[in-house]
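Text of run30.txt (compact mmCIF, C-alpha atoms) as supplied:
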```txt
# COMPACT_ATOMS: atom_id res chain seq x y z
CA MET A 24 51.03 69.11 -11.33
CA ARG A 25 53.15 72.07 -10.30
CA THR A 26 51.36 75.37 -9.75
CA PRO A 27 53.25 78.52 -10.61
CA ASN A 28 53.51 81.23 -8.03
CA LYS A 29 50.76 83.82 -8.80
CA ALA A 30 53.00 86.81 -8.10
CA TRP A 31 55.46 85.54 -10.70
CA LEU A 32 52.68 85.16 -13.24
CA ARG A 33 51.36 88.68 -12.53
CA CYS A 34 54.87 90.09 -13.01
CA LEU A 35 55.24 88.14 -16.23
CA SER A 36 51.89 89.34 -17.63
CA ALA A 37 52.71 92.95 -16.77
CA SER A 38 56.14 92.75 -18.38
CA THR A 39 54.63 91.09 -21.49
CA VAL A 40 52.17 93.97 -21.90
CA LEU A 41 54.96 96.52 -21.36
CA LEU A 42 57.14 94.76 -23.90
CA PHE A 43 54.47 94.77 -26.61
CA VAL A 44 53.67 98.43 -25.95
CA SER A 45 57.35 99.27 -26.31
CA ILE A 46 57.62 97.24 -29.55
CA GLY A 47 54.66 99.18 -30.90
CA ASN A 48 56.21 102.48 -29.87
CA ALA A 49 59.54 101.56 -31.31
CA ARG A 50 58.16 100.66 -34.71
CA GLN A 51 55.20 102.97 -35.13
CA GLY A 52 54.45 106.62 -35.41
CA ASN A 53 53.51 107.86 -31.99
CA PRO A 54 54.88 111.36 -31.35
CA ASP A 55 57.77 110.10 -29.26
CA SER A 56 58.95 107.63 -31.82
CA VAL A 57 58.61 110.22 -34.60
CA LYS A 58 60.88 112.52 -32.61
CA ALA A 59 63.22 109.62 -32.06
CA THR A 60 63.20 108.82 -35.76
CA ALA A 61 63.90 112.43 -36.67
CA LYS A 62 66.80 112.42 -34.31
CA THR A 63 68.06 109.24 -35.86
CA ALA A 64 67.62 110.67 -39.34
CA LYS A 65 69.59 113.71 -38.26
CA GLU A 66 72.28 111.39 -37.15
CA LYS A 67 72.12 109.40 -40.34
CA ASN A 68 75.26 110.99 -40.29
CA SER A 69 75.48 108.41 -37.53
CA GLY A 70 77.53 106.35 -39.97
CA GLU A 71 79.75 109.33 -40.75
CA SER A 72 80.12 110.67 -37.22
CA GLU A 73 80.71 107.17 -36.03
CA LEU A 74 83.56 106.98 -38.52
CA ASP A 75 85.23 109.80 -36.65
CA LYS A 76 85.00 107.78 -33.45
CA ALA A 77 87.22 105.00 -34.82
CA PRO A 78 90.37 104.73 -32.72
CA GLN A 79 93.60 105.93 -34.29
CA LYS A 80 94.99 102.41 -34.46
CA ALA A 81 91.94 101.22 -36.41
CA ARG A 82 92.04 104.24 -38.73
CA ALA A 83 95.67 103.56 -39.54
CA THR A 84 95.04 99.93 -40.53
CA ARG A 85 95.53 99.41 -44.25
CA ASN A 86 93.20 97.35 -46.38
CA PRO A 87 95.13 94.11 -47.00
CA LEU A 88 92.93 93.35 -50.01
CA GLN A 89 93.31 96.74 -51.65
CA ASN A 90 95.18 95.24 -54.59
CA ASP A 91 93.27 91.98 -54.72
CA PRO A 92 91.64 91.83 -58.17
CA GLU A 93 88.70 89.81 -56.85
CA ALA A 94 88.00 91.93 -53.77
CA LEU A 95 85.82 94.50 -55.54
CA ALA A 96 83.52 91.93 -57.16
CA ALA A 97 83.34 89.88 -53.97
CA GLY A 98 82.63 93.03 -51.96
CA LYS A 99 79.83 93.96 -54.35
CA LYS A 100 78.32 90.52 -53.93
CA LEU A 101 78.56 90.76 -50.14
CA PHE A 102 77.04 94.23 -50.20
CA GLY A 103 74.04 92.93 -52.15
CA MET A 104 73.62 90.08 -49.70
CA HIS A 105 74.03 91.91 -46.40
CA CYS A 106 73.88 95.70 -46.79
CA ALA A 107 71.65 96.61 -49.74
CA GLU A 108 68.48 95.98 -47.73
CA CYS A 109 69.16 99.10 -45.61
CA HIS A 110 71.62 101.16 -47.68
CA GLY A 111 69.90 100.58 -51.03
CA GLU A 112 70.95 98.50 -54.02
CA THR A 113 73.47 101.12 -55.16
CA ALA A 114 74.31 102.32 -51.64
CA GLU A 115 72.38 105.52 -52.31
CA GLY A 116 70.87 105.40 -48.82
CA THR A 117 67.31 104.84 -47.60
CA ARG A 118 65.12 105.97 -44.72
CA ARG A 119 66.94 103.43 -42.59
CA ALA A 120 70.58 104.00 -43.45
CA PRO A 121 72.84 106.68 -44.95
CA ASN A 122 74.18 107.19 -48.45
CA LEU A 123 77.58 105.59 -48.69
CA HIS A 124 78.59 107.78 -51.65
CA ASP A 125 78.80 110.76 -49.28
CA SER A 126 82.16 112.40 -49.00
CA GLN A 127 82.26 111.75 -45.25
CA VAL A 128 82.27 108.04 -45.95
CA GLN A 129 84.44 108.24 -49.05
CA ASP A 130 87.03 110.46 -47.40
CA ALA A 131 87.25 108.24 -44.34
CA PRO A 132 90.25 105.91 -44.14
CA PRO A 133 89.49 102.26 -45.01
CA GLY A 134 90.41 101.30 -41.45
CA ALA A 135 87.64 103.52 -40.05
CA ILE A 136 85.04 101.96 -42.35
CA PHE A 137 86.26 98.51 -41.34
CA TRP A 138 85.94 99.53 -37.67
CA VAL A 139 82.33 100.69 -38.14
CA LEU A 140 81.49 97.47 -39.99
CA THR A 141 83.01 95.42 -37.19
CA ASN A 142 81.34 97.29 -34.33
CA GLY A 143 78.08 98.32 -35.95
CA ILE A 144 76.19 101.36 -34.70
CA VAL A 145 74.06 99.32 -32.41
CA TRP A 146 72.01 102.06 -30.72
CA HIS A 147 71.11 103.53 -34.13
CA GLY A 148 70.11 100.28 -35.78
CA MET A 149 73.19 99.12 -37.64
CA PRO A 150 74.03 95.55 -36.64
CA VAL A 151 77.48 94.32 -35.74
CA TRP A 152 79.08 92.66 -38.78
CA SER A 153 81.98 90.95 -37.08
CA LYS A 154 80.08 87.76 -37.85
CA LEU A 155 81.53 88.12 -41.35
CA PRO A 156 85.15 86.95 -41.35
CA GLU A 157 87.77 89.70 -41.51
CA PRO A 158 88.67 89.18 -45.20
CA GLN A 159 84.98 89.56 -46.15
CA ARG A 160 84.74 92.81 -44.21
CA TRP A 161 87.79 94.10 -46.09
CA GLN A 162 86.19 93.03 -49.37
CA LEU A 163 83.17 95.13 -48.36
CA VAL A 164 85.44 98.08 -47.56
CA THR A 165 87.04 97.75 -51.01
CA TYR A 166 83.60 97.93 -52.62
CA ILE A 167 82.40 100.84 -50.47
CA LYS A 168 85.54 102.84 -51.25
CA SER A 169 84.90 102.27 -54.96
CA LEU A 170 81.62 104.20 -54.73
CA ARG A 171 83.28 107.59 -54.78
CA VAL A 172 81.20 108.83 -57.73
CA ARG A 173 77.54 109.44 -56.84
CA PRO A 174 75.10 107.59 -59.17
CA GLU A 175 73.14 110.80 -59.99
CA THR A 176 76.41 112.65 -60.70
CA SER A 177 77.56 109.98 -63.07
CA ALA A 178 74.13 109.95 -64.75
CA ASN A 179 74.37 113.70 -65.35
CA HIS A 180 77.69 113.43 -67.10
CA MET B 18 39.10 86.20 -27.23
CA LEU B 19 42.57 84.81 -27.91
CA SER B 20 41.19 82.11 -30.16
CA ARG B 21 39.43 84.82 -32.21
CA LEU B 22 42.51 86.98 -32.49
CA PHE B 23 44.92 84.18 -33.38
CA PRO B 24 43.65 83.48 -36.95
CA SER B 25 43.85 87.19 -37.85
CA PHE B 26 47.30 87.48 -36.36
CA PHE B 27 48.40 84.34 -38.20
CA LEU B 28 47.03 85.57 -41.55
CA ILE B 29 48.66 88.98 -41.18
CA SER B 30 51.96 87.39 -40.26
CA LEU B 31 51.75 84.98 -43.19
CA LEU B 32 50.98 87.84 -45.58
CA ALA B 33 53.84 89.89 -44.22
CA VAL B 34 56.23 86.95 -44.56
CA LEU B 35 55.16 86.37 -48.16
CA LEU B 36 55.57 90.05 -49.02
CA SER B 37 58.88 90.50 -47.25
CA SER B 38 62.04 90.30 -49.24
CA SER B 39 64.64 87.83 -48.22
CA CYS B 40 68.22 88.55 -47.33
CA LEU B 41 71.08 86.24 -46.64
CA ALA B 42 72.54 86.29 -43.20
CA GLN B 43 75.64 84.50 -42.11
CA GLU B 44 74.00 82.08 -39.69
CA ASN B 45 76.02 80.24 -37.10
CA PRO B 46 75.78 76.44 -36.97
CA TYR B 47 74.87 76.06 -33.28
CA ILE B 48 71.60 74.45 -32.29
CA VAL B 49 71.88 74.67 -28.50
CA ALA B 50 74.57 77.30 -27.88
CA TYR B 51 74.14 81.01 -28.67
CA ASP B 52 76.65 83.52 -29.94
CA HIS B 53 76.32 87.29 -29.41
CA TYR B 54 74.92 88.18 -32.80
CA MET B 55 71.40 89.58 -32.89
CA GLU B 56 68.87 89.21 -35.66
CA GLU B 57 69.07 92.15 -38.08
CA PRO B 58 66.57 94.87 -37.08
CA GLY B 59 63.17 94.39 -38.72
CA SER B 60 64.05 90.89 -40.00
CA LEU B 61 62.09 87.78 -39.21
CA GLU B 62 63.76 84.40 -39.31
CA VAL B 63 61.42 81.43 -39.50
CA GLU B 64 63.07 78.22 -38.40
CA TYR B 65 62.09 74.58 -38.14
CA PHE B 66 64.18 72.26 -35.99
CA SER B 67 64.03 68.57 -35.36
CA THR B 68 65.59 66.31 -32.74
CA PHE B 69 65.59 62.54 -33.06
CA GLY B 70 66.59 60.87 -29.81
CA THR B 71 67.24 57.31 -28.74
CA GLN B 72 65.66 56.26 -25.46
CA ARG B 73 66.70 53.41 -23.20
CA GLY B 74 63.81 52.07 -21.13
CA GLY B 75 61.25 53.66 -23.44
CA ASN B 76 60.49 54.54 -27.03
CA ASP B 77 62.71 56.64 -29.28
CA PHE B 78 61.27 60.04 -30.12
CA HIS B 79 61.24 62.80 -32.68
CA ALA B 80 60.76 66.24 -31.13
CA PHE B 81 60.35 69.30 -33.32
CA TRP B 82 59.81 73.00 -32.94
CA LEU B 83 58.99 76.07 -34.94
CA GLU B 84 60.87 79.23 -34.14
CA PHE B 85 60.06 82.83 -35.09
CA GLU B 86 63.05 85.06 -34.45
CA TYR B 87 62.58 88.79 -34.86
CA GLY B 88 65.12 91.59 -34.69
CA ALA B 89 63.28 94.27 -32.72
CA THR B 90 66.38 96.49 -32.68
CA ALA B 91 70.09 95.96 -33.30
CA TRP B 92 70.49 95.23 -29.57
CA TRP B 93 67.32 93.23 -28.88
CA THR B 94 66.11 90.00 -30.50
CA THR B 95 62.89 88.30 -29.51
CA GLU B 96 61.86 84.72 -30.35
CA PHE B 97 58.72 82.66 -30.05
CA TYR B 98 58.79 78.84 -30.09
CA LEU B 99 56.11 76.23 -30.57
CA ASP B 100 57.17 72.75 -29.42
CA ALA B 101 55.82 69.31 -30.27
CA GLN B 102 56.98 65.71 -30.32
CA THR B 103 56.24 62.25 -31.58
CA THR B 104 57.16 59.29 -29.40
CA PHE B 105 57.35 56.16 -31.53
CA ASN B 106 54.73 53.52 -30.72
CA ASP B 107 52.97 56.14 -28.60
CA SER B 108 51.54 59.46 -29.83
CA THR B 109 52.21 62.92 -31.23
CA LEU B 110 51.39 65.98 -29.17
CA PHE B 111 51.89 69.71 -28.83
CA THR B 112 54.08 70.29 -25.80
CA GLY B 113 54.08 74.02 -25.22
CA PHE B 114 55.58 77.39 -26.10
CA ARG B 115 58.56 79.51 -25.20
CA TRP B 116 59.24 83.20 -25.50
CA GLU B 117 62.84 84.30 -25.36
CA ASN B 118 64.55 87.69 -25.46
CA ARG B 119 68.20 88.48 -25.96
CA PHE B 120 69.71 91.85 -25.10
CA ARG B 121 73.10 93.14 -26.06
CA PRO B 122 74.26 95.52 -23.32
CA LEU B 123 77.48 96.82 -24.87
CA LYS B 124 77.74 99.25 -27.74
CA HIS B 125 80.93 98.02 -29.35
CA GLU B 126 82.64 94.72 -30.04
CA HIS B 127 85.04 93.48 -27.38
CA PHE B 128 87.27 90.48 -26.93
CA ILE B 129 84.40 88.84 -25.03
CA ASN B 130 80.90 90.02 -25.86
CA PRO B 131 78.11 89.45 -23.33
CA VAL B 132 74.43 89.05 -24.11
CA ILE B 133 71.64 88.75 -21.55
CA TYR B 134 69.05 86.09 -22.30
CA ILE B 135 65.64 85.82 -20.63
CA GLU B 136 63.06 83.17 -21.53
CA TYR B 137 59.65 82.16 -20.31
CA GLU B 138 58.60 78.55 -20.91
CA ASN B 139 55.16 77.06 -20.64
CA THR B 140 55.62 73.42 -21.49
CA SER B 141 54.35 70.02 -20.46
CA GLY B 142 56.45 67.23 -19.01
CA ALA B 143 56.29 65.56 -22.42
CA ASP B 144 58.44 68.25 -24.02
CA LYS B 145 61.54 66.61 -25.49
CA ILE B 146 63.14 69.20 -27.73
CA LEU B 147 66.16 69.32 -25.38
CA LYS B 148 66.89 72.88 -26.44
CA GLU B 149 68.93 73.19 -23.32
CA ILE B 150 70.02 70.75 -20.65
CA GLU B 151 69.87 71.99 -17.08
CA GLY B 152 69.81 70.80 -13.49
CA HIS B 153 69.45 67.05 -13.21
CA ASP B 154 67.88 66.51 -16.63
CA VAL B 155 68.63 62.88 -17.48
CA GLU B 156 67.54 60.37 -20.10
CA ALA B 157 65.17 58.61 -17.70
CA ASP B 158 63.03 61.81 -17.47
CA ASN B 159 61.88 61.19 -21.04
CA GLY B 160 60.97 57.55 -20.58
CA ASP B 161 57.38 58.06 -19.39
CA PRO B 162 54.56 57.48 -21.88
CA ASN B 163 53.04 60.67 -23.30
CA SER B 164 49.74 60.00 -21.55
CA VAL B 165 51.53 60.32 -18.20
CA ALA B 166 54.14 62.98 -19.00
CA ARG B 167 51.65 65.41 -20.53
CA HIS B 168 49.96 65.94 -17.16
CA GLU B 169 52.99 67.67 -15.71
CA HIS B 170 53.13 71.39 -16.48
CA ASP B 171 56.26 73.49 -16.27
CA HIS B 172 56.26 77.26 -16.06
CA GLU B 173 59.86 78.32 -16.05
CA LEU B 174 61.91 81.45 -16.26
CA GLU B 175 65.29 80.87 -17.76
CA PHE B 176 68.24 83.24 -17.60
CA LYS B 177 71.44 82.89 -19.56
CA LEU B 178 74.63 84.82 -19.77
CA LEU B 179 75.91 84.36 -23.31
CA LEU B 180 79.59 85.11 -23.83
CA SER B 181 81.01 85.05 -27.32
CA SER B 182 84.28 85.94 -29.03
CA THR B 183 85.19 86.08 -32.68
CA HIS B 184 88.84 85.97 -33.70
CA LYS B 185 90.49 85.14 -37.03
CA GLY B 186 87.28 83.63 -38.35
CA TRP B 187 86.75 81.45 -35.27
CA ASN B 188 83.76 81.97 -33.01
CA PHE B 189 83.84 80.74 -29.42
CA VAL B 190 80.79 80.75 -27.17
CA GLU B 191 80.19 80.03 -23.51
CA ASN B 192 76.64 80.06 -22.17
CA THR B 193 75.76 79.80 -18.50
CA ILE B 194 72.17 78.83 -17.72
CA ALA B 195 70.10 79.43 -14.58
CA THR B 196 66.48 78.26 -14.57
CA LYS B 197 63.74 78.83 -12.04
CA ASN B 198 60.61 76.75 -12.14
CA LEU B 199 57.86 79.10 -10.94
CA SER B 200 56.47 76.45 -8.61
CA ASN B 201 59.14 76.99 -5.97
CA ASP B 202 61.51 74.31 -7.27
CA PRO B 203 65.17 75.19 -6.70
CA TRP B 204 67.27 77.09 -9.21
CA GLU B 205 68.82 74.75 -11.77
CA PHE B 206 72.00 75.33 -13.71
CA GLY B 207 73.51 74.29 -16.99
CA TYR B 208 76.06 75.24 -19.63
CA ALA B 209 76.71 75.20 -23.34
CA LEU B 210 80.04 75.69 -25.09
CA GLY B 211 80.76 75.97 -28.77
CA ALA B 212 83.36 76.78 -31.40
CA SER B 213 82.90 77.21 -35.14
CA ARG B 214 84.57 78.56 -38.25
CA PRO B 215 83.64 79.00 -41.92
CA LEU B 216 85.52 76.64 -44.23
CA LYS B 217 86.84 79.65 -46.15
CA LEU B 218 87.19 83.24 -44.92
CA LYS B 219 87.33 85.14 -48.22
CA ALA B 220 84.22 85.40 -50.35
CA THR B 221 84.30 84.39 -53.99
CA PRO B 222 83.16 87.03 -56.48
CA LYS B 223 80.24 85.00 -57.82
CA ARG B 224 77.15 83.71 -56.07
CA CYS B 225 77.44 79.97 -55.57
CA ASN B 226 75.77 77.22 -53.57
CA PHE B 227 78.77 75.02 -52.89
CA CYS B 228 81.46 77.62 -52.19
CA ALA B 229 83.45 76.78 -49.07
CA GLU B 230 82.58 80.16 -47.55
CA ASN B 231 78.93 79.06 -47.31
CA PHE B 232 79.76 76.23 -44.94
CA ILE B 233 80.43 76.80 -41.25
CA VAL B 234 81.49 73.85 -39.13
CA GLY B 235 82.28 73.39 -35.47
CA ALA B 236 81.22 71.60 -32.32
CA GLU B 237 79.15 72.28 -29.27
CA MET B 238 79.01 70.69 -25.84
CA TYR B 239 76.18 71.12 -23.36
CA GLY B 240 74.90 69.68 -20.13
CA GLY B 241 73.47 70.18 -16.67
CA LEU B 242 75.21 71.42 -13.55
CA GLY B 243 72.72 70.34 -10.90
CA ASP B 244 70.66 72.66 -8.78
CA ARG B 245 70.98 75.01 -5.86
CA TYR B 246 71.11 72.18 -3.33
CA SER B 247 73.30 69.78 -5.29
CA PHE B 248 75.47 71.76 -7.64
CA GLY B 249 77.89 69.73 -9.71
CA LEU B 250 78.05 66.95 -12.26
CA LYS B 251 76.39 64.19 -10.22
CA ASP B 252 73.19 62.86 -11.86
CA THR B 253 73.49 65.18 -14.85
CA SER B 254 73.67 64.53 -18.58
CA HIS B 255 76.17 65.91 -21.09
CA TYR B 256 76.49 65.89 -24.86
CA LEU B 257 79.13 66.54 -27.45
CA ALA B 258 77.87 67.42 -30.91
CA PRO B 259 79.63 68.35 -34.14
CA VAL B 260 77.66 71.09 -35.90
CA ALA B 261 77.51 72.29 -39.50
CA ALA B 262 75.57 75.03 -41.26
CA TRP B 263 75.12 75.58 -44.97
CA ASN B 264 74.14 79.16 -45.80
CA LEU B 265 72.59 79.12 -49.26
CA PRO B 266 72.48 82.22 -51.47
CA SER B 267 68.78 81.48 -51.94
CA ASP B 268 68.36 82.66 -48.32
CA TRP B 269 67.94 79.26 -46.74
CA THR B 270 70.16 77.86 -44.01
CA LEU B 271 70.44 74.18 -43.25
CA ARG B 272 71.94 72.99 -39.96
CA VAL B 273 72.85 69.45 -38.96
CA SER B 274 74.20 68.18 -35.67
CA PRO B 275 74.62 64.57 -34.50
CA GLY B 276 74.97 64.62 -30.70
CA PHE B 277 76.54 61.93 -28.54
CA GLY B 278 75.77 61.35 -24.88
CA LEU B 279 78.89 61.51 -22.72
CA ASN B 280 77.69 59.54 -19.68
CA ASP B 281 75.13 56.93 -18.67
CA ASP B 282 72.53 59.56 -17.78
CA SER B 283 72.55 61.00 -21.31
CA HIS B 284 70.64 59.84 -24.36
CA ARG B 285 73.09 57.79 -26.38
CA PHE B 286 72.41 59.64 -29.61
CA LEU B 287 70.57 62.80 -30.67
CA LEU B 288 70.31 63.74 -34.31
CA ARG B 289 69.31 67.36 -34.79
CA TRP B 290 68.72 69.27 -37.96
CA GLY B 291 67.02 72.53 -38.87
CA LEU B 292 66.00 74.62 -41.80
CA SER B 293 65.56 78.37 -41.63
CA ARG B 294 64.85 81.34 -43.85
CA GLU B 295 65.26 84.99 -43.10
CA PHE B 296 62.79 87.64 -44.26
CA SER B 297 64.04 91.19 -44.08
CA GLY B 298 61.69 94.16 -43.92
CA PHE B 299 59.11 92.16 -41.99
CA GLY B 300 58.78 94.80 -39.27
CA ASP B 301 58.17 97.62 -41.76
CA LEU B 302 55.59 95.55 -43.61
CA VAL B 303 53.65 94.73 -40.47
CA GLY B 304 53.85 98.43 -39.58
CA HIS B 305 52.37 99.38 -42.94
CA LEU B 306 49.62 96.79 -42.65
CA PHE B 307 48.59 98.46 -39.40
CA GLY B 308 48.69 101.93 -40.97
CA GLY B 309 52.08 103.05 -39.73
CA ARG B 310 54.26 105.61 -41.46
CA GLN B 311 55.03 104.82 -45.08
```

With the file now loaded, output its structure as structure tokens.
Amino acid sequence: MRTPNKAWLRCLSASTVLLFVSIGNARQGNPDSVKATAKTAKEKNSGESELDKAPQKARATRNPLQNDPEALAAGKKLFGMHCAECHGETAEGTRRAPNLHDSQVQDAPPGAIFWVLTNGIVWHGMPVWSKLPEPQRWQLVTYIKSLRVRPETSANH
Amino acid sequence: MLSRLFPSFFLISLLAVLLSSSCLAQENPYIVAYDHYMEEPGSLEVEYFSTFGTQRGGNDFHAFWLEFEYGATAWWTTEFYLDAQTTFNDSTLFTGFRWENRFRPLKHEHFINPVIYIEYENTSGADKILKEIEGHDVEADNGDPNSVARHEHDHELEFKLLLSSTHKGWNFVENTIATKNLSNDPWEFGYALGASRPLKLKATPKRCNFCAENFIVGAEMYGGLGDRYSFGLKDTSHYLAPVAAWNLPSDWTLRVSPGFGLNDDSHRFLLRWGLSREFSGFGDLVGHLFGGRQ
């Protein structure tokens, strides 16, 4: 029977404890994480400001499925499957992710939205979506760009 | 103490899983290789995997493991494994646990995307899940009866550099493995390669089970590269395995992979399959159960 080196085991135990403490801090309301959350909420914008960071080449890319009659319905389906959990069923935004009806998103070029989808906003919690094939990401962009009218605005009218 | 805490932890986890909503992820078909995609933050993926293996000079076996994969953040995924196996005409036994962590160091997507992988394994010599092949792992290692093999204990730290690229719907992965048994055995090395692609790139407007976009197919190849003192292909085993995943709209993913040994030191045939389901919002629910912010 092989005996593990005790120093290794001590290191491992210490790092395990550290890891669980950091998970707890990351997910729960200690003062630091509340501050961090507030900062993130402030940057919920993160989606919008991140849109501004898209390189010029990406911004200039046109949506190849813009005129595809099925793209909107397919994009809506994909949104429900992959995005609604964080952005809300109607993309109205939640505690975790911004409202996609906002003008900053709606006024952004399709290429910039595609770039954010592809790259995610990893440090602020949005996963990378390049795992979806390119045409599916464009279908999502088509759907997101169709959300120009806010749900509450349309309800008022 | 641990035995008292475990039932409570298990019940809370079960409750959280039952209360969590599900959400479909586009899961890759690999069983051994890893791509660079992390679990979505706050989501828990529960997975069951099975490996049937033929064994020359011993009894065939069926090894299986349960995997809990949690997205701690968008750049960090942590997984816990419970391993077991049945050797035909012998016995069934629990063979140990693994705890793995994957970290994404880069903020944006690149042509090649690196991920750092660190795993701790506490398994017995009877472990046969063959989740990775490293060093001089060969078929003959699994020929001992369970009553003998279970007395060997392995405490290992495993490091991997996962490289992955996605282009025009294709995903290519290259994993390099370095393992250190904590009992002063030499470093051992291994590799895994893979390529996959969905059958269709555009999504159809309606939800469907049998749409081509739900199927991802490909192949993976994996094997050992010897150890620090004898690096290379001598006395190592290698496998080539077609892989397929079926991502169902009902949030389940089914993976199948028949693997074929490429040399005399490899098992002739490994049939692997797995079933998984993703539960989103798991992290928030556990947080609420422990009185976190609402």

Between B:Gly235, B:Gly70, B:Pro162, B:Pro222, which is the closest to B:Phe189 once you count all atoms listed in the file?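 Selected residue with least distance to B:Phe189: B:Gly235.
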
Pick from B:Ala89, B:Ala143, B:Val49, B:Leu178: nearest to B:Leu61, with all atoms listed in the file counted?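 That would be B:Ala89, the residue with the smallest distance to B:Leu61.
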
Identify, on the basis of all atoms listed in the file, every residue whose closest approach to stretch 288-298 of chain B does not exceed 7 Å; exclude the query and any residue fewer than 2 positions from it along the same chain; express the result as a PyMOL selection string. chain B and resi 34+37-41+59-70+268-276+286+300-302

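Atom CA of B:Ala91 sits 5.2 Å away from atom CA of A:Pro150.
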
Would you mind listing what lies within 10 Å of A:Gly143 as a list in words, with only C-alpha atoms counted and same-chain residues fewer than 5 positions away left out?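 The residues that qualify are Gly70, Glu73, Phe137, Trp138, Gly148, Met149, Pro150, Val151, Trp152 and Ser153 of chain A; Ala91, Lys124, His125 and Glu126 of chain B.
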
In Å and to one decimal, atom CA of A:Lys154 is distant from atom CA of B:His184 by 9.9 Å

Length of the atom CA of B:Asp107 to atom CA of B:Asn76 vector [Å]: 7.8 Å

For chain B, the closest of A:Glu112, A:Ala107, A:His124, A:Val164 counting only C-alpha atoms is A:Ala107

Using all atoms listed in the file, which residues sit within 10 Å of B:Asp281 once same-chain residues fewer than 2 positions away are excluded, as JSON, numbers by chain? {"B": [155, 156, 252, 253, 254, 255, 278, 279, 283, 284, 285]}

Min atom-atom distance to A:Lys80 from the set A:Leu155, A:Leu163, A:Met104, A:Ala135, counting all atoms listed in the file, belongs to A:Ala135

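Of the residues under consideration (B:Phe114, B:Phe85, B:Phe299, B:Tyr134), B:Phe299 shows the shortest atom-to-atom contact distance to chain A when counting all atoms listed in the file.
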